[in-house]
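Containing TSV, C-alpha atoms and all ligand atoms: entry-v7.tsv.
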chain	number	residue	atom	x	y	z
A	982	MET	CA	106.26	83.80	183.13
A	983	ARG	CA	103.17	82.82	181.18
A	984	HIS	CA	100.36	85.32	181.72
A	985	GLU	CA	97.96	82.73	183.15
A	986	GLU	CA	100.67	81.79	185.65
A	987	GLN	CA	101.13	85.46	186.55
A	988	VAL	CA	97.40	85.69	187.20
A	989	ARG	CA	97.43	82.48	189.28
A	990	VAL	CA	100.29	83.84	191.42
A	991	ILE	CA	98.66	87.23	191.98
A	992	GLU	CA	95.26	85.68	192.70
A	993	GLY	CA	96.88	83.29	195.16
A	994	LEU	CA	98.67	86.09	196.98
A	995	LEU	CA	95.50	88.22	197.15
A	996	ARG	CA	93.60	85.22	198.49
A	997	HIS	CA	96.19	84.69	201.23
A	998	LEU	CA	96.05	88.39	202.08
A	999	ASP	CA	92.26	88.48	202.23
A	1000	GLU	CA	91.87	85.22	204.14
A	1001	GLY	CA	94.84	85.77	206.47
A	1002	THR	CA	96.55	82.59	205.26
A	1003	ASN	CA	99.90	81.61	203.79
A	1004	VAL	CA	101.32	78.64	201.91
A	1005	ASP	CA	101.08	75.52	204.04
A	1006	ALA	CA	103.43	72.54	203.80
A	1007	GLY	CA	101.01	70.63	206.04
A	1008	HIS	CA	103.52	69.85	208.76
A	1009	GLN	CA	106.70	71.01	210.44
A	1010	LEU	CA	110.09	69.41	209.89
A	1011	ARG	CA	113.05	68.95	212.21
A	1012	ASN	CA	116.52	69.59	210.85
A	1013	PRO	CA	119.43	68.39	212.98
A	1014	VAL	CA	121.83	71.24	213.76
A	1015	SER	CA	124.65	68.94	212.64
A	1016	ALA	CA	123.45	69.74	209.09
A	1017	TYR	CA	125.15	73.11	209.63
A	1018	THR	CA	128.22	72.05	211.60
A	1019	CYS	CA	129.23	68.54	210.51
A	1020	GLY	CA	132.60	68.49	208.76
A	1021	ASP	CA	131.94	65.14	207.07
A	1022	LEU	CA	128.70	66.40	205.57
A	1023	ALA	CA	130.43	69.61	204.43
A	1024	ALA	CA	133.07	67.51	202.65
A	1025	ARG	CA	130.38	65.46	200.88
A	1026	GLU	CA	128.51	68.61	199.84
A	1027	TRP	CA	131.69	70.17	198.51
A	1028	GLU	CA	132.45	67.11	196.38
A	1029	SER	CA	128.92	66.45	195.17
A	1030	PHE	CA	127.51	69.94	194.74
A	1031	PHE	CA	130.50	72.20	194.11
A	1032	GLN	CA	133.00	69.92	192.35
A	1033	GLY	CA	130.67	67.46	190.69
A	1034	HIS	CA	127.62	69.50	189.69
A	1035	PRO	CA	127.10	72.16	187.00
A	1036	GLN	CA	127.29	75.67	188.37
A	1037	VAL	CA	125.79	79.01	187.34
A	1038	LEU	CA	128.74	81.40	187.29
A	1039	GLY	CA	126.93	84.46	185.96
A	1040	LEU	CA	124.51	85.88	183.44
A	1041	SER	CA	125.23	86.43	179.76
A	1042	ALA	CA	125.77	90.08	180.72
A	1043	ASP	CA	128.98	89.07	182.49
A	1044	LEU	CA	130.44	88.53	179.01
A	1045	PRO	CA	128.83	91.48	177.25
A	1046	GLU	CA	130.83	91.45	174.01
A	1047	PRO	CA	133.33	89.45	171.98
A	1048	ARG	CA	136.72	89.28	173.76
A	1049	SER	CA	135.22	89.87	177.20
A	1050	PHE	CA	136.15	87.57	180.05
A	1051	PHE	CA	135.82	87.00	183.77
A	1052	THR	CA	137.64	84.78	186.21
A	1053	SER	CA	136.36	82.82	189.20
A	1054	GLY	CA	137.95	81.04	192.11
A	1055	ASP	CA	134.64	80.35	193.81
A	1056	LEU	CA	134.82	76.60	193.22
A	1057	GLY	CA	138.28	76.26	194.71
A	1058	LYS	CA	139.98	76.11	191.34
A	1059	PRO	CA	140.90	78.94	188.97
A	1060	ILE	CA	138.39	79.25	186.12
A	1061	LEU	CA	138.51	81.58	183.12
A	1062	CYS	CA	135.27	82.29	181.24
A	1063	THR	CA	135.47	83.91	177.82
A	1064	ARG	CA	133.42	85.06	174.87
A	1065	ALA	CA	135.42	84.66	171.69
A	1066	ASP	CA	134.99	86.61	168.46
A	1067	ASP	CA	132.53	83.92	167.35
A	1068	GLY	CA	130.27	84.98	170.26
A	1069	GLU	CA	130.55	81.58	171.96
A	1070	PHE	CA	130.82	81.24	175.71
A	1071	ARG	CA	133.70	79.01	176.82
A	1072	ALA	CA	135.32	78.11	180.12
A	1073	PHE	CA	138.80	76.84	180.98
A	1074	LEU	CA	140.99	76.07	183.90
A	1075	ASN	CA	142.92	79.31	184.21
A	1076	VAL	CA	146.23	77.45	184.45
A	1077	CYS	CA	149.21	77.88	182.13
A	1078	ARG	CA	150.30	74.71	180.37
A	1079	HIS	CA	153.96	75.65	180.80
A	1080	ARG	CA	154.51	75.65	184.56
A	1081	GLY	CA	151.02	76.03	186.00
A	1082	THR	CA	150.87	79.75	186.74
A	1083	ILE	CA	147.46	81.42	186.82
A	1084	VAL	CA	147.20	82.96	183.37
A	1085	GLU	CA	144.65	85.75	183.92
A	1086	ASP	CA	144.61	87.56	187.27
A	1087	ALA	CA	142.03	90.25	186.54
A	1088	GLU	CA	138.48	89.71	187.72
A	1089	ARG	CA	136.85	90.80	184.46
A	1090	GLY	CA	137.39	92.93	181.38
A	1091	THR	CA	138.19	92.63	177.69
A	1092	ARG	CA	141.41	91.35	176.13
A	1093	LYS	CA	142.63	90.36	172.71
A	1094	ASN	CA	144.51	87.40	174.21
A	1095	PHE	CA	145.56	86.10	177.61
A	1096	GLN	CA	149.25	86.26	178.38
A	1097	CYS	CA	150.75	84.32	181.26
A	1098	PRO	CA	152.72	86.68	183.51
A	1099	PHE	CA	155.56	84.19	184.10
A	1100	HIS	CA	157.10	83.58	180.64
A	1101	ALA	CA	154.41	85.14	178.43
A	1102	TRP	CA	152.90	82.07	176.83
A	1103	THR	CA	149.76	83.41	175.20
A	1104	TYR	CA	146.30	81.91	174.75
A	1105	ASP	CA	143.32	83.12	172.78
A	1106	HIS	CA	139.63	83.19	173.81
A	1107	GLN	CA	139.20	79.66	172.51
A	1108	GLY	CA	141.96	78.49	174.85
A	1109	ALA	CA	144.42	77.85	172.03
A	1110	LEU	CA	148.10	78.42	172.69
A	1111	VAL	CA	148.98	81.12	170.17
A	1112	GLY	CA	152.33	82.40	171.39
A	1113	VAL	CA	155.49	80.92	172.91
A	1114	PRO	CA	158.40	83.39	173.24
A	1115	LYS	CA	161.84	82.24	172.14
A	1116	GLU	CA	160.60	78.88	170.96
A	1117	SER	CA	163.88	78.44	169.12
A	1118	HIS	CA	165.59	78.41	172.53
A	1119	PHE	CA	162.84	76.68	174.55
A	1120	GLY	CA	162.25	73.96	172.00
A	1121	LYS	CA	159.24	73.17	169.85
A	1122	VAL	CA	155.90	73.22	171.71
A	1123	ASP	CA	153.01	71.20	170.35
A	1124	ARG	CA	150.21	73.75	170.08
A	1125	GLU	CA	147.53	71.08	169.78
A	1126	CYS	CA	148.43	69.48	173.10
A	1127	ASN	CA	148.92	72.68	175.07
A	1128	SER	CA	145.62	74.53	174.91
A	1129	LEU	CA	144.10	75.65	178.19
A	1130	VAL	CA	142.17	72.77	179.77
A	1131	SER	CA	138.58	73.19	178.65
A	1132	LEU	CA	135.56	72.91	180.97
A	1133	PRO	CA	132.04	72.05	179.81
A	1134	ALA	CA	130.19	75.36	179.39
A	1135	VAL	CA	126.66	76.14	178.27
A	1136	GLU	CA	124.92	79.50	177.81
A	1137	ARG	CA	121.16	79.14	177.98
A	1138	TYR	CA	118.26	81.43	178.97
A	1139	GLY	CA	120.75	84.23	179.71
A	1140	LEU	CA	122.60	82.12	182.30
A	1141	LEU	CA	126.19	80.87	182.11
A	1142	TRP	CA	126.65	77.29	183.31
A	1143	VAL	CA	130.01	75.62	183.84
A	1144	SER	CA	130.99	72.18	185.04
A	1145	PRO	CA	134.10	72.37	187.20
A	1146	GLU	CA	135.03	68.87	186.02
A	1147	PRO	CA	136.84	68.65	182.66
A	1148	GLY	CA	135.20	66.04	180.48
A	1149	ALA	CA	131.92	66.00	182.41
A	1150	THR	CA	128.64	66.20	180.54
A	1151	PHE	CA	125.44	67.78	181.73
A	1152	ASP	CA	121.90	68.01	180.56
A	1153	LEU	CA	120.52	71.45	181.37
A	1154	ASP	CA	117.00	70.59	180.29
A	1155	ALA	CA	116.97	67.71	182.73
A	1156	LEU	CA	118.33	69.96	185.50
A	1157	LEU	CA	115.79	72.70	184.91
A	1158	GLY	CA	112.78	70.60	183.91
A	1159	ASP	CA	109.57	72.62	183.75
A	1160	LEU	CA	111.37	75.73	184.92
A	1161	ALA	CA	113.18	76.18	181.58
A	1162	PRO	CA	110.36	77.92	179.66
A	1163	GLU	CA	109.74	80.30	182.56
A	1164	LEU	CA	113.42	81.21	182.84
A	1165	GLU	CA	113.44	81.76	179.10
A	1166	SER	CA	110.41	84.04	179.31
A	1167	TRP	CA	112.29	86.69	181.32
A	1168	GLY	CA	114.72	87.39	178.47
A	1169	LEU	CA	117.65	87.54	180.87
A	1170	GLU	CA	120.07	87.52	177.95
A	1171	ARG	CA	119.28	91.18	177.29
A	1172	CYS	CA	120.37	92.32	180.75
A	1173	VAL	CA	123.33	94.57	181.49
A	1174	ARG	CA	125.64	94.01	184.45
A	1175	HIS	CA	125.46	96.78	187.02
A	1176	GLY	CA	128.05	95.87	189.63
A	1177	GLY	CA	128.41	93.21	192.23
A	1178	VAL	CA	129.64	92.54	195.72
A	1179	ARG	CA	131.09	89.63	197.73
A	1180	TYR	CA	130.16	88.94	201.33
A	1181	ASP	CA	132.17	86.57	203.49
A	1182	HIS	CA	130.20	85.09	206.37
A	1183	PRO	CA	131.17	82.97	209.38
A	1184	MET	CA	128.43	80.40	208.93
A	1185	ASN	CA	127.46	77.30	207.03
A	1186	TRP	CA	126.55	78.09	203.41
A	1187	LYS	CA	123.10	76.54	203.83
A	1188	LEU	CA	122.18	79.15	206.45
A	1189	ALA	CA	122.68	81.82	203.78
A	1190	ILE	CA	120.36	79.88	201.45
A	1191	ASP	CA	117.85	79.49	204.30
A	1192	THR	CA	117.48	83.26	204.70
A	1193	PHE	CA	115.95	83.35	201.22
A	1194	GLY	CA	113.57	80.50	202.03
A	1195	GLU	CA	110.67	82.21	203.79
A	1196	THR	CA	109.06	85.59	204.41
A	1197	TYR	CA	107.94	84.65	207.93
A	1198	HIS	CA	110.81	86.81	209.20
A	1199	PHE	CA	109.98	90.00	207.28
A	1200	ASN	CA	107.86	91.66	209.95
A	1201	ALA	CA	110.49	91.03	212.64
A	1202	LEU	CA	113.99	91.11	211.15
A	1203	HIS	CA	113.10	93.49	208.31
A	1204	ARG	CA	110.44	95.53	210.13
A	1205	ASN	CA	112.18	98.81	209.27
A	1206	THR	CA	113.27	97.86	205.76
A	1207	LEU	CA	111.62	95.25	203.54
A	1208	ALA	CA	108.42	95.25	205.59
A	1209	ASN	CA	107.76	98.77	204.28
A	1210	ASP	CA	107.25	97.35	200.80
A	1211	PHE	CA	106.30	93.70	201.36
A	1212	TYR	CA	103.58	91.85	203.20
A	1213	GLY	CA	105.53	89.44	205.41
A	1214	ASN	CA	104.41	85.83	205.87
A	1215	VAL	CA	102.46	85.86	202.59
A	1216	GLN	CA	103.87	84.02	199.60
A	1217	MET	CA	103.18	81.59	196.79
A	1218	TYR	CA	105.46	78.62	196.37
A	1219	ASP	CA	106.13	76.15	193.54
A	1220	THR	CA	108.73	73.47	192.91
A	1221	TYR	CA	110.42	72.44	189.65
A	1222	GLY	CA	112.36	69.27	190.34
A	1223	ARG	CA	115.23	70.25	192.61
A	1224	ASN	CA	114.58	73.94	191.91
A	1225	HIS	CA	111.84	76.15	193.27
A	1226	ARG	CA	110.17	79.54	192.98
A	1227	MET	CA	108.89	81.71	195.77
A	1228	ALA	CA	106.66	84.67	194.90
A	1229	LEU	CA	106.96	87.35	197.58
A	1230	CYS	CA	103.99	89.63	198.15
A	1231	MET	CA	104.62	93.32	197.53
A	1232	LYS	CA	102.30	95.90	199.04
A	1233	SER	CA	101.85	97.34	195.56
A	1234	ILE	CA	99.76	94.24	194.81
A	1235	ASP	CA	96.77	96.21	196.08
A	1236	ASP	CA	96.96	98.43	192.97
A	1237	LEU	CA	96.10	95.37	190.88
A	1238	ARG	CA	92.77	94.82	192.62
A	1239	THR	CA	91.10	97.44	190.46
A	1240	LYS	CA	92.80	96.45	187.20
A	1241	PRO	CA	91.42	93.90	184.75
A	1242	ARG	CA	93.24	90.57	184.96
A	1243	ASP	CA	94.50	90.73	181.40
A	1244	GLU	CA	96.49	93.87	182.37
A	1245	TRP	CA	98.11	92.22	185.39
A	1246	ASN	CA	101.89	92.02	185.40
A	1247	VAL	CA	103.19	89.77	188.16
A	1248	LEU	CA	106.11	92.11	188.81
A	1249	GLN	CA	103.70	94.87	189.83
A	1250	GLY	CA	102.56	92.86	192.84
A	1251	ALA	CA	105.07	90.11	193.47
A	1252	LEU	CA	108.80	89.44	193.53
A	1253	PRO	CA	109.75	86.05	192.06
A	1254	VAL	CA	112.74	84.45	193.78
A	1255	TYR	CA	114.06	81.31	192.09
A	1256	TYR	CA	116.27	78.77	193.77
A	1257	LEU	CA	118.45	76.86	191.31
A	1258	PHE	CA	119.98	73.75	192.80
A	1259	PRO	CA	122.40	73.66	194.52
A	1260	ASN	CA	123.41	77.21	195.52
A	1261	VAL	CA	121.78	79.98	193.49
A	1262	GLN	CA	119.06	82.52	194.21
A	1263	LEU	CA	117.85	84.42	191.17
A	1264	ILE	CA	115.60	87.35	192.03
A	1265	VAL	CA	113.73	88.80	189.08
A	1266	GLY	CA	112.07	92.13	189.64
A	1267	GLY	CA	112.32	95.89	189.77
A	1268	PRO	CA	114.84	97.25	187.31
A	1269	GLY	CA	116.39	93.83	186.69
A	1270	PRO	CA	117.58	90.55	188.14
A	1271	THR	CA	119.88	89.94	191.08
A	1272	LEU	CA	121.95	86.76	191.12
A	1273	VAL	CA	123.13	85.47	194.49
A	1274	ARG	CA	125.59	82.56	194.39
A	1275	VAL	CA	126.37	81.06	197.77
A	1276	TYR	CA	129.50	78.95	198.34
A	1277	PRO	CA	131.07	77.12	201.22
A	1278	ASP	CA	134.68	78.12	201.68
A	1279	GLY	CA	135.89	74.75	200.38
A	1280	PRO	CA	134.82	71.81	202.53
A	1281	ASP	CA	134.52	74.05	205.61
A	1282	ALA	CA	131.20	73.73	207.44
A	1283	ASN	CA	131.68	77.01	209.30
A	1284	GLN	CA	132.67	79.55	206.67
A	1285	SER	CA	131.01	80.60	203.43
A	1286	PHE	CA	130.58	83.53	201.09
A	1287	SER	CA	128.07	85.03	198.70
A	1288	GLN	CA	128.73	86.51	195.29
A	1289	VAL	CA	125.95	88.99	194.51
A	1290	GLY	CA	125.60	90.27	190.94
A	1291	PHE	CA	123.25	93.10	189.98
A	1292	TYR	CA	121.83	93.40	186.47
A	1293	ILE	CA	119.34	95.71	184.85
A	1294	PHE	CA	116.92	95.39	181.99
A	1295	PRO	CA	118.38	97.97	179.57
A	1296	GLU	CA	115.01	99.49	178.79
A	1297	ILE	CA	114.82	100.82	182.35
A	1298	LEU	CA	117.42	103.47	181.50
A	1299	GLU	CA	115.12	104.82	178.79
A	1300	ASN	CA	111.92	104.39	180.72
A	1301	GLU	CA	110.00	107.68	181.05
A	1302	GLY	CA	108.43	106.76	184.36
A	1303	ALA	CA	111.78	105.79	185.85
A	1304	ARG	CA	113.34	109.02	184.65
A	1305	ALA	CA	110.53	111.17	186.07
A	1306	PHE	CA	110.71	109.29	189.37
A	1307	ALA	CA	114.46	109.82	189.57
A	1308	GLU	CA	114.18	113.50	188.68
A	1309	ARG	CA	111.66	114.06	191.46
A	1310	ALA	CA	114.25	112.57	193.83
A	1311	GLY	CA	116.90	114.90	192.37
A	1312	MET	CA	119.02	112.16	190.81
A	1313	THR	CA	119.63	110.30	187.59
A	1314	VAL	CA	118.12	106.89	186.86
A	1315	GLU	CA	121.65	105.51	187.07
A	1316	ALA	CA	122.18	106.96	190.56
A	1317	MET	CA	118.79	105.66	191.67
A	1318	LEU	CA	119.71	102.16	190.51
A	1319	VAL	CA	122.98	102.27	192.42
A	1320	MET	CA	121.17	103.42	195.56
A	1321	ARG	CA	118.60	100.70	195.20
A	1322	GLN	CA	121.11	97.92	194.89
A	1323	GLN	CA	123.15	99.29	197.78
A	1324	GLY	CA	119.99	99.16	199.86
A	1325	PHE	CA	119.26	95.62	198.75
A	1326	ALA	CA	122.81	94.51	199.51
A	1327	THR	CA	122.73	96.19	202.88
A	1328	ILE	CA	119.59	94.33	203.89
A	1329	ILE	CA	121.16	90.99	203.01
A	1330	GLN	CA	124.44	91.81	204.71
A	1331	ALA	CA	123.26	93.75	207.75
A	1332	GLU	CA	120.05	91.91	208.51
A	1333	ASP	CA	119.69	88.45	206.89
A	1334	TYR	CA	123.28	87.32	207.11
A	1335	VAL	CA	123.73	88.73	210.63
A	1336	ALA	CA	120.76	86.68	211.81
A	1337	ALA	CA	121.97	83.63	209.89
A	1338	ALA	CA	125.50	83.84	211.33
A	1339	SER	CA	123.93	84.17	214.75
A	1340	GLY	CA	122.04	80.94	214.01
A	1341	HIS	CA	125.36	79.29	213.19
A	1342	ARG	CA	126.77	80.24	216.59
A	1343	GLY	CA	123.59	78.85	218.11
A	1344	ALA	CA	124.11	75.60	216.21
A	1345	GLN	CA	127.71	75.38	217.45
A	1346	SER	CA	126.70	76.05	221.06
A	1347	GLY	CA	125.32	72.59	221.66
A	1348	ALA	CA	122.07	74.06	222.99
A	1349	LEU	CA	119.89	72.40	220.34
A	1350	GLU	CA	119.67	69.04	218.67
A	1351	HIS	CA	117.52	70.35	215.86
A	1352	VAL	CA	115.89	73.45	214.40
A	1353	THR	CA	112.30	73.50	213.18
A	1354	PHE	CA	110.93	74.48	209.78
A	1355	GLY	CA	107.33	75.68	209.95
A	1356	ARG	CA	104.36	74.78	207.78
A	1357	ASN	CA	104.69	78.28	206.29
A	1358	GLU	CA	108.30	77.63	205.23
A	1359	PRO	CA	107.91	75.06	202.45
A	1360	ALA	CA	111.00	76.26	200.59
A	1361	LEU	CA	113.10	75.16	203.57
A	1362	HIS	CA	111.39	71.75	203.53
A	1363	HIS	CA	112.07	71.33	199.84
A	1364	TYR	CA	115.62	72.64	199.84
A	1365	HIS	CA	116.83	70.57	202.77
A	1366	ASN	CA	115.10	67.39	201.66
A	1367	THR	CA	116.37	67.93	198.12
A	1368	TYR	CA	120.04	68.13	199.02
A	1369	ARG	CA	119.60	65.21	201.43
A	1370	GLU	CA	118.07	63.15	198.64
A	1371	ALA	CA	120.96	64.17	196.38
A	1372	LEU	CA	123.40	62.84	198.98
A	1373	GLY	CA	121.42	59.65	199.56
A	1374	MET	CA	120.23	60.74	203.01
A	1375	GLU	CA	116.83	60.07	204.58
A	1376	PRO	CA	114.24	62.88	204.44
A	1377	LEU	CA	113.91	65.14	207.48
A	1378	GLU	CA	111.81	64.02	210.40
A	1379	VAL	CA	108.19	65.21	210.31
A	1380	VAL	CA	106.91	66.76	213.54
A	1381	GLU	CA	103.58	65.16	214.33
A	1382	ALA	CA	100.94	67.86	214.67
A	1383	ALA	CA	100.28	68.57	218.34
A	1384	GLN	CA	97.11	70.48	217.76
A	1385	ASP	CA	95.89	72.62	214.91
A	1386	LEU	CA	95.63	76.28	215.78
A	1401	LIG	S1	154.22	79.42	183.53
A	1401	LIG	FE1	153.07	80.40	182.05
A	1401	LIG	S2	154.45	81.00	180.60
A	1401	LIG	FE2	155.67	79.94	182.00
A	1402	FE	FE	115.40	88.37	204.74
The structure given in the file should be rewritten as structure tokens.
Ligand code: FES
Ligand SMILES: [Fe+2]
Amino acid sequence: MRHEEQVRVIEGLLRHLDEGTNVDAGHQLRNPVSAYTCGDLAAREWESFFQGHPQVLGLSADLPEPRSFFTSGDLGKPILCTRADDGEFRAFLNVCRHRGTIVEDAERGTRKNFQCPFHAWTYDHQGALVGVPKESHFGKVDRECNSLVSLPAVERYGLLWVSPEPGATFDLDALLGDLAPELESWGLERCVRHGGVRYDHPMNWKLAIDTFGETYHFNALHRNTLANDFYGNVQMYDTYGRNHRMALCMKSIDDLRTKPRDEWNVLQGALPVYYLFPNVQLIVGGPGPTLVRVYPDGPDANQSFSQVGFYIFPEILENEGARAFAERAGMTVEAMLVMRQQGFATIIQAEDYVAAASGHRGAQSGALEHVTFGRNEPALHHYHNTYREALGMEPLEVVEAAQDL
């Protein structure tokens, strides 16, 4: 993030704190509860956003070296992502050209080649068919025509993007717009993967996204956890096309009040949370980024899951301050990082997603026709109106102001 932008964000947060204000969308919006329960809408979202739109499947750190790979079934089809000896990121349908068996079953690792478990046809990291056992018995196999089916794949700004549609094209710069230079500024490509976790949740996928869309709930839902370190209901908010950035207000922001502005580092007082259309939250802060990818379970309105990946900036392991802090707590930096991410994951799983799944049951109950997004929840306004626009739907209904408080 450019330094002048860091200063603008911190100044904005301090102003909200001092004046007792928050971001203000200017009005409330009504979202019909059918947005969370309608099977037809879920089918359209699945087709448009999860089959027909580029997807972030990880960070560069998920393919840390030549010959590393990972697999994904998150988009309802088996995908194999590789980094070949040439360092290039590639993606394929993880489907053997012989009889269709899934070629690579492991979640991640390193391999020289990928060998199908059924009859041992073998493919390299560029998807080329490089081995067919007993070809003299089987018959000649045209290598050229029997590579793994390739998917469009781009590695940019430390993020791995894949289109689930073979032959599709996508323009990342157009998708990211003004956000691209800021993403680039974090140097995410230098991160190291530090574990991950999957949560399955009985709720619409958009309810999981919604939990990341405001800090109005911090002092209630997270009163014993995040509220210890964050000022709830105080944030800065900016949009970048279909994407957005929230800056959450950490209590440590008060330390910046006595520092000259040219020494301000936004991460000392704020936690940037990026939403990347259609389903990604990228949280940049602390010892490194956290990537949360939220998926519907196919075209099912009522079931979804989150893939959470933890990454660290490698310098944190060598950082003197971090080491001293860990030693005072009687642990290694490594152990402290594991504890921290377990805590983070627990808050999402045990607090946010519990409340969100409860909201799904409320939506299914028939008690409500709509839910309401407040003036202080502009990320929810933007997110819901953005996906509606992408599906050719009308914007959400504005609630006429009854009376200003
Ligand atoms: S199905 Fe893969 S080698 Fe036969
Ligand atoms: Fe939360």
Chain A near ligand FE 1402 (chain A) within 7 Å: what's each residue's closest atom pair and its distance in Å to one decimal, counting all atoms listed in the file, ordered by chain then ascending residue number, as JSON lines?
{"residue": "A:Thr1192", "atom": "CA", "partner": "A:FE1402", "partner_atom": "FE", "distance": 5.5}
{"residue": "A:Phe1193", "atom": "CA", "partner": "A:FE1402", "partner_atom": "FE", "distance": 6.2}
{"residue": "A:Thr1196", "atom": "CA", "partner": "A:FE1402", "partner_atom": "FE", "distance": 6.9}
{"residue": "A:His1198", "atom": "CA", "partner": "A:FE1402", "partner_atom": "FE", "distance": 6.6}
{"residue": "A:Phe1199", "atom": "CA", "partner": "A:FE1402", "partner_atom": "FE", "distance": 6.2}
{"residue": "A:His1203", "atom": "CA", "partner": "A:FE1402", "partner_atom": "FE", "distance": 6.7}
{"residue": "A:Ile1329", "atom": "CA", "partner": "A:FE1402", "partner_atom": "FE", "distance": 6.6}
{"residue": "A:Glu1332", "atom": "CA", "partner": "A:FE1402", "partner_atom": "FE", "distance": 7.0}
{"residue": "A:Asp1333", "atom": "CA", "partner": "A:FE1402", "partner_atom": "FE", "distance": 4.8}
Using all atoms listed in the file, tabulate the residues of chain A lying at most 8 Å from any atom of ligand LIG 1401 (chain A), each with its closest atom pair and that distance in Å to one decimal, by chain and increasing residue number, as a Markdown table.
| residue | atom | partner | partner_atom | distance |
| --- | --- | --- | --- | --- |
| A:Val1076 | CA | A:LIG1401 | FE1 | 7.8 |
| A:Cys1077 | CA | A:LIG1401 | FE1 | 4.6 |
| A:Arg1078 | CA | A:LIG1401 | FE1 | 6.5 |
| A:His1079 | CA | A:LIG1401 | S1 | 4.7 |
| A:Arg1080 | CA | A:LIG1401 | S1 | 3.9 |
| A:Gly1081 | CA | A:LIG1401 | S1 | 5.3 |
| A:Thr1082 | CA | A:LIG1401 | S1 | 4.7 |
| A:Ile1083 | CA | A:LIG1401 | FE1 | 7.4 |
| A:Val1084 | CA | A:LIG1401 | FE1 | 6.5 |
| A:Gln1096 | CA | A:LIG1401 | S2 | 7.7 |
| A:Cys1097 | CA | A:LIG1401 | FE1 | 4.6 |
| A:Pro1098 | CA | A:LIG1401 | FE1 | 6.5 |
| A:Phe1099 | CA | A:LIG1401 | FE2 | 4.7 |
| A:His1100 | CA | A:LIG1401 | S2 | 3.7 |
| A:Ala1101 | CA | A:LIG1401 | S2 | 4.7 |
| A:Trp1102 | CA | A:LIG1401 | S2 | 4.2 |
| A:Thr1103 | CA | A:LIG1401 | S2 | 7.5 |
| A:Val1113 | CA | A:LIG1401 | S2 | 7.8 |
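The environment of Asp1181 of chain A within 8 Å, counting only C-alpha atoms and disregarding residues fewer than 5 places along the same chain, consists of Gln1284, Ser1285, Phe1286 and Ser1287 of chain A.
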Using all atoms listed in the file and a cutoff of 12 Å, can you tell me which residues are near (122.5, 60.8, 202.2) in the file's coordinates, and write them out as an mmCIF file with C-alpha atoms, in the coordinates of the input?
data_model
loop_
_atom_site.group_PDB
_atom_site.id
_atom_site.type_symbol
_atom_site.label_atom_id
_atom_site.label_comp_id
_atom_site.auth_asym_id
_atom_site.auth_seq_id
_atom_site.Cartn_x
_atom_site.Cartn_y
_atom_site.Cartn_z
ATOM 1 C CA ALA A 1016 123.450 69.740 209.090
ATOM 2 C CA ASP A 1021 131.940 65.140 207.070
ATOM 3 C CA LEU A 1022 128.700 66.400 205.570
ATOM 4 C CA ARG A 1025 130.380 65.460 200.880
ATOM 5 C CA GLU A 1026 128.510 68.610 199.840
ATOM 6 C CA SER A 1029 128.920 66.450 195.170
ATOM 7 C CA HIS A 1365 116.830 70.570 202.770
ATOM 8 C CA ASN A 1366 115.100 67.390 201.660
ATOM 9 C CA THR A 1367 116.370 67.930 198.120
ATOM 10 C CA TYR A 1368 120.040 68.130 199.020
ATOM 11 C CA ARG A 1369 119.600 65.210 201.430
ATOM 12 C CA GLU A 1370 118.070 63.150 198.640
ATOM 13 C CA ALA A 1371 120.960 64.170 196.380
ATOM 14 C CA LEU A 1372 123.400 62.840 198.980
ATOM 15 C CA GLY A 1373 121.420 59.650 199.560
ATOM 16 C CA MET A 1374 120.230 60.740 203.010
ATOM 17 C CA GLU A 1375 116.830 60.070 204.580
ATOM 18 C CA PRO A 1376 114.240 62.880 204.440
ATOM 19 C CA LEU A 1377 113.910 65.140 207.480
#
Each segment 1156-1189 of chain A residue no farther than 12 Å from segment 1338-1342 of chain A, nearest pair in Å, only C-alpha atoms, as JSON lines:
{"residue": "A:Asp1181", "atom": "CA", "partner": "A:Ala1338", "partner_atom": "CA", "distance": 10.6}
{"residue": "A:His1182", "atom": "CA", "partner": "A:Ala1338", "partner_atom": "CA", "distance": 6.9}
{"residue": "A:Pro1183", "atom": "CA", "partner": "A:Ala1338", "partner_atom": "CA", "distance": 6.1}
{"residue": "A:Met1184", "atom": "CA", "partner": "A:Ala1338", "partner_atom": "CA", "distance": 5.1}
{"residue": "A:Asn1185", "atom": "CA", "partner": "A:His1341", "partner_atom": "CA", "distance": 6.8}
{"residue": "A:Trp1186", "atom": "CA", "partner": "A:Ala1338", "partner_atom": "CA", "distance": 9.8}
{"residue": "A:Lys1187", "atom": "CA", "partner": "A:His1341", "partner_atom": "CA", "distance": 10.0}
{"residue": "A:Leu1188", "atom": "CA", "partner": "A:His1341", "partner_atom": "CA", "distance": 7.5}
{"residue": "A:Ala1189", "atom": "CA", "partner": "A:Ala1338", "partner_atom": "CA", "distance": 8.3}
Excluding Asn1357 of chain A and its own-chain neighbours fewer than 2 positions away, which residues fall within 7 Å of it when counting only C-alpha atoms? Please give them as a PyMOL selection string. chain A and resi 1003-1006+1355+1359
Would you work out the distance separating atom CA of Pro1253 of chain A from atom CA of Val1335 of chain A, expressed in Å to one decimal?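 Spanning atom CA of Pro1253 of chain A to atom CA of Val1335 of chain A is a straight-line distance of 23.4 Å.
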Using all atoms listed in the file, can you tell me which of A:Tyr1221, A:Phe1306, A:Tyr1256, A:Tyr1138 comes closest to Leu1040 of chain A?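 Nearest candidate to Leu1040 of chain A out of A:Tyr1221, A:Phe1306, A:Tyr1256, A:Tyr1138: A:Tyr1138.
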Separation of atom CA of Gln1322 of chain A from atom CA of Thr1271 of chain A, in Å and rounded to one decimal: 8.9 Å
